[in-house]
Amino acid sequence: MKVFVYSSHRFEKPFLEKLAGNKHELFYSPYALNSNTAKLAQGCQAISIFTSCDASAEVLEKLHDYGIRFIALRCVGFNNIDLDKAKTLGIKVANVPVYSPYSVAEHAVALLMALNRKIVLGQKLMKKNDFSLDELIGFDLHGKTVGIVGTGKIGSAFANIMKGFGCKLLGYDSIENKELISQTNINYTSLEELCRQSDVISVHCPLNTKNKYMFNKSNFSIMRKGVFFINTARGSIVNTNDLIQAIENKTIGAAGLDVYENEKDIFFRNHLNNVIIDDLFNKLRSFPNVLITGHQAFLTNEALTGIAETTFRNINDWETKGSSENDL
Ligand code: NAD
């Protein structure tokens with residue numbers, strides 16, 4: 001099959017090429033899918049897209065006209081696809097529902113630890129020959145209460161790591177994960193109680209039509225003073241403007257973010273010679289107690305191998321059986 005790979009990055013090509021083998025011909029573009037780039041896929045039967053791609057109704061119609069019948073996501077989240085429209089057009093869409101959840105969970109822990117133990121500041125001071133410790137005090141995680149929003153695969157992996165640190169765990173999810181309860185003694189509660197009681201809050205739920213700005217000024221206002229807020233899920237789950245206010249009024253003691261609501265125009269690219277014109281983002285990254293990574297939580301060898309394996313299993317199944325086990 002001829003497959004057009006949108007939003008392709010140098011780091012993932014070896015993993016994709018290995019799994020495509022001689023079976024499929026891959027065409028790469030660094031550009032995300034949108035109404036202007038849809039035509040690049042003309043002549044292919046399938047496309048593969050990533051989180052920054054736009055597969056809205058208008059774009060899907062164009063793709064259909066160009067002969068595209070399969071869309072293989074190289075990620076878990078599918079909030080960027082109009083699935084109803086795809087169904088109407090007869091375009092099959094599949095995601096990669098599982099790949100190393102440890103990659104994202106461990107990155108959330110890395111953000112938390114780096115912020116708490118002032119690793120970035122400590123490194124900057126060390127480079128200046130300043131080994132004074134006055135600005136570098138953190139806190140023991142042992143005994144602290146960690147609130148986990150979304151206790152699926154990644155949230156569970158995160159919970160188990162935090163359990164290892166000796167934390168008390170609170171969970172918020174419509175589905176109580178019985179296995180996780182027996183592994184970690186996590187206590188399920190309402191979002192409000194989780195916000196009130198947690199010293200650390202980490203977000204691991206998907207973005208859907210109902211939870212845009214799930215974190216906003218009303219629940220930031222009831223959080224413990226100095227709470228550490230970690231989001232490796234999706235940017236639009238958090239109202240960034242309200243988060244900035246909560247950082248300014250010191251409710252949020254530190255924020256570790258791997259995602260940002262307007263990341264589409266910023267992340268995954270080199271802007272070395274450009275000015276980033278996004279006041280919200282520029283404000284956010286100006287805070288010393290905010291650590292931002294550019295949607296890199298999944299970036300481990302194990303996760304990239306898993307993503308490539310499932311992407312090509314989906315494509316192979318479409319070619320041979322017309323459907324895949326991960327069809328959405
Ligand atoms: P999952 O489906 O295994 O778990 C998601 C959990 O969230 C489920 O238990 C579900 O019931 C729960 N949930 C759904 N809506 C909720 C809500 N409004 N409030 C609370 N809980 C809710 O998914 P996963 O593999 O654990 O991935 C979670 C999310 O992490 C993905 O949807 C994706 O957005 C994000 N993610 C980010 C990266 C990254 O690189 N930063 C990589 C992979 C996934």
# chains A, B, ... in the order shown; residues from 1 in each chain; ligands from 1

$ residues_around --residues "stretch 143-159 of chain A" --least-positions-apart "6" --cutoff "9 Å" --atoms "only C-alpha atoms" --output "ChimeraX atom specification"
/A:98,100-106,108-109,165-177,180,184,186,191,194-195,197-206

$ residues_around --residues "stretch 37-52 of chain A" --least-positions-apart "4" --cutoff "6 Å" --atoms "only C-alpha atoms" --output "ChimeraX atom specification"
/A:2-6,33,63,66,68-74,264

$ write_last_selection --atoms "C-alpha atoms" --output "PDB file, in the first residue's frame"
ATOM      1  CA  LYS A   2       1.131   3.566  -0.611  1.00  0.00           C
ATOM      2  CA  VAL A   3       1.030   5.391   2.699  1.00  0.00           C
ATOM      3  CA  PHE A   4       1.487   9.136   3.172  1.00  0.00           C
ATOM      4  CA  VAL A   5       2.967   9.939   6.573  1.00  0.00           C
ATOM      5  CA  TYR A   6       2.021  13.413   7.825  1.00  0.00           C
ATOM      6  CA  LEU A  33      -2.516  17.302   7.775  1.00  0.00           C
ATOM      7  CA  LEU A  63      -8.910  13.172   1.476  1.00  0.00           C
ATOM      8  CA  TYR A  66      -8.076  12.070  -3.357  1.00  0.00           C
ATOM      9  CA  ILE A  68      -7.756   7.960   0.833  1.00  0.00           C
ATOM     10  CA  ARG A  69      -9.652   5.139   2.548  1.00  0.00           C
ATOM     11  CA  PHE A  70      -7.549   4.487   5.656  1.00  0.00           C
ATOM     12  CA  ILE A  71      -6.200   6.742   8.378  1.00  0.00           C
ATOM     13  CA  ALA A  72      -3.689   5.203  10.755  1.00  0.00           C
ATOM     14  CA  LEU A  73      -3.062   7.360  13.809  1.00  0.00           C
ATOM     15  CA  ARG A  74       0.374   7.105  15.341  1.00  0.00           C
ATOM     16  CA  LYS A 264      -0.259  22.818  17.314  1.00  0.00           C
TER      17      LYS A 264
END

$ select_by_dssp --residues "stretch 55-291 of chain A" --states "strand (DSSP E)" --output "PyMOL selection string"
chain A and resi 70-73+92-94+145-149+168-172+187-188+200-203+227-231+252-257+290-291

$ write_last_selection --atoms "C-alpha atoms" --output "mmCIF file, in the first residue's frame"
data_model
loop_
_atom_site.group_PDB
_atom_site.id
_atom_site.type_symbol
_atom_site.label_atom_id
_atom_site.label_comp_id
_atom_site.auth_asym_id
_atom_site.auth_seq_id
_atom_site.Cartn_x
_atom_site.Cartn_y
_atom_site.Cartn_z
ATOM 1 C CA PHE A 70 -7.549 4.487 5.656
ATOM 2 C CA ILE A 71 -6.200 6.742 8.378
ATOM 3 C CA ALA A 72 -3.689 5.203 10.755
ATOM 4 C CA LEU A 73 -3.062 7.360 13.809
ATOM 5 C CA LYS A 92 -11.514 3.607 8.308
ATOM 6 C CA VAL A 93 -9.651 5.160 11.212
ATOM 7 C CA ALA A 94 -7.550 3.275 13.753
ATOM 8 C CA THR A 145 -1.127 13.096 48.756
ATOM 9 C CA VAL A 146 -1.061 12.675 44.981
ATOM 10 C CA GLY A 147 -4.283 13.121 42.989
ATOM 11 C CA ILE A 148 -4.471 11.226 39.710
ATOM 12 C CA VAL A 149 -7.094 12.304 37.200
ATOM 13 C CA LYS A 168 -1.111 8.498 49.487
ATOM 14 C CA LEU A 169 -3.119 8.243 46.282
ATOM 15 C CA LEU A 170 -6.437 9.802 45.325
ATOM 16 C CA GLY A 171 -8.088 8.968 42.010
ATOM 17 C CA TYR A 172 -10.793 10.553 39.894
ATOM 18 C CA ASN A 187 -8.871 6.074 47.046
ATOM 19 C CA TYR A 188 -11.413 7.183 44.433
ATOM 20 C CA VAL A 200 0.372 16.982 43.671
ATOM 21 C CA ILE A 201 -2.174 16.621 40.855
ATOM 22 C CA SER A 202 -1.321 14.739 37.679
ATOM 23 C CA VAL A 203 -3.678 14.626 34.697
ATOM 24 C CA VAL A 227 0.028 22.375 44.849
ATOM 25 C CA PHE A 228 2.206 20.909 42.063
ATOM 26 C CA PHE A 229 0.170 20.512 38.876
ATOM 27 C CA ILE A 230 1.360 18.116 36.152
ATOM 28 C CA ASN A 231 -0.316 17.709 32.762
ATOM 29 C CA ILE A 252 -0.110 26.564 42.016
ATOM 30 C CA GLY A 253 3.370 26.110 43.480
ATOM 31 C CA ALA A 254 4.746 24.641 40.264
ATOM 32 C CA ALA A 255 3.433 23.350 36.948
ATOM 33 C CA GLY A 256 4.966 20.655 34.773
ATOM 34 C CA LEU A 257 3.432 20.619 31.312
ATOM 35 C CA VAL A 290 6.859 26.201 35.222
ATOM 36 C CA LEU A 291 8.628 23.453 33.322
#

$ closest_residue --among "A:Lys283, A:His271, A:Lys85, A:Lys178" --to "ligand 1" --atoms "only C-alpha atoms and all ligand atoms"
A:Lys178

$ closest_residue --among "A:Asn211, A:Asn22, A:Asn216, A:Asn116" --to "ligand 1" --atoms "only C-alpha atoms and all ligand atoms"
A:Asn211

$ select_by_dssp --residues "stretch 118-311 of chain A" --states "alpha helix (DSSP H)" --output "ChimeraX atom specification"
/A:119-127,153-164,178-184,191-197,217-220,240-248,279-284,301-311

$ atom_distance --atom1 "atom CA of A:Asn34" --atom2 "atom CA of A:Asn208"
20.1 Å

$ closest_residue --among "A:Asn160, A:Arg224, A:Met1, A:Lys13" --to "A:Glu25" --atoms "only C-alpha atoms"
A:Met1

$ atom_distance --atom1 "atom CA of A:Lys127" --atom2 "atom CA of A:Ser286"
20.4 Å

$ atom_distance --atom1 "atom CA of A:Ala246" --atom2 "atom CA of A:Arg269"
28.9 Å

$ closest_residue --among "A:Lys18, A:Lys87, A:His64, A:Arg234" --to "ligand 1" --atoms "only C-alpha atoms and all ligand atoms"
A:Arg234

$ closest_residue --among "A:Asn274, A:Asn289, A:Thr300, A:Thr88" --to "ligand 1" --atoms "only C-alpha atoms and all ligand atoms"
A:Thr300
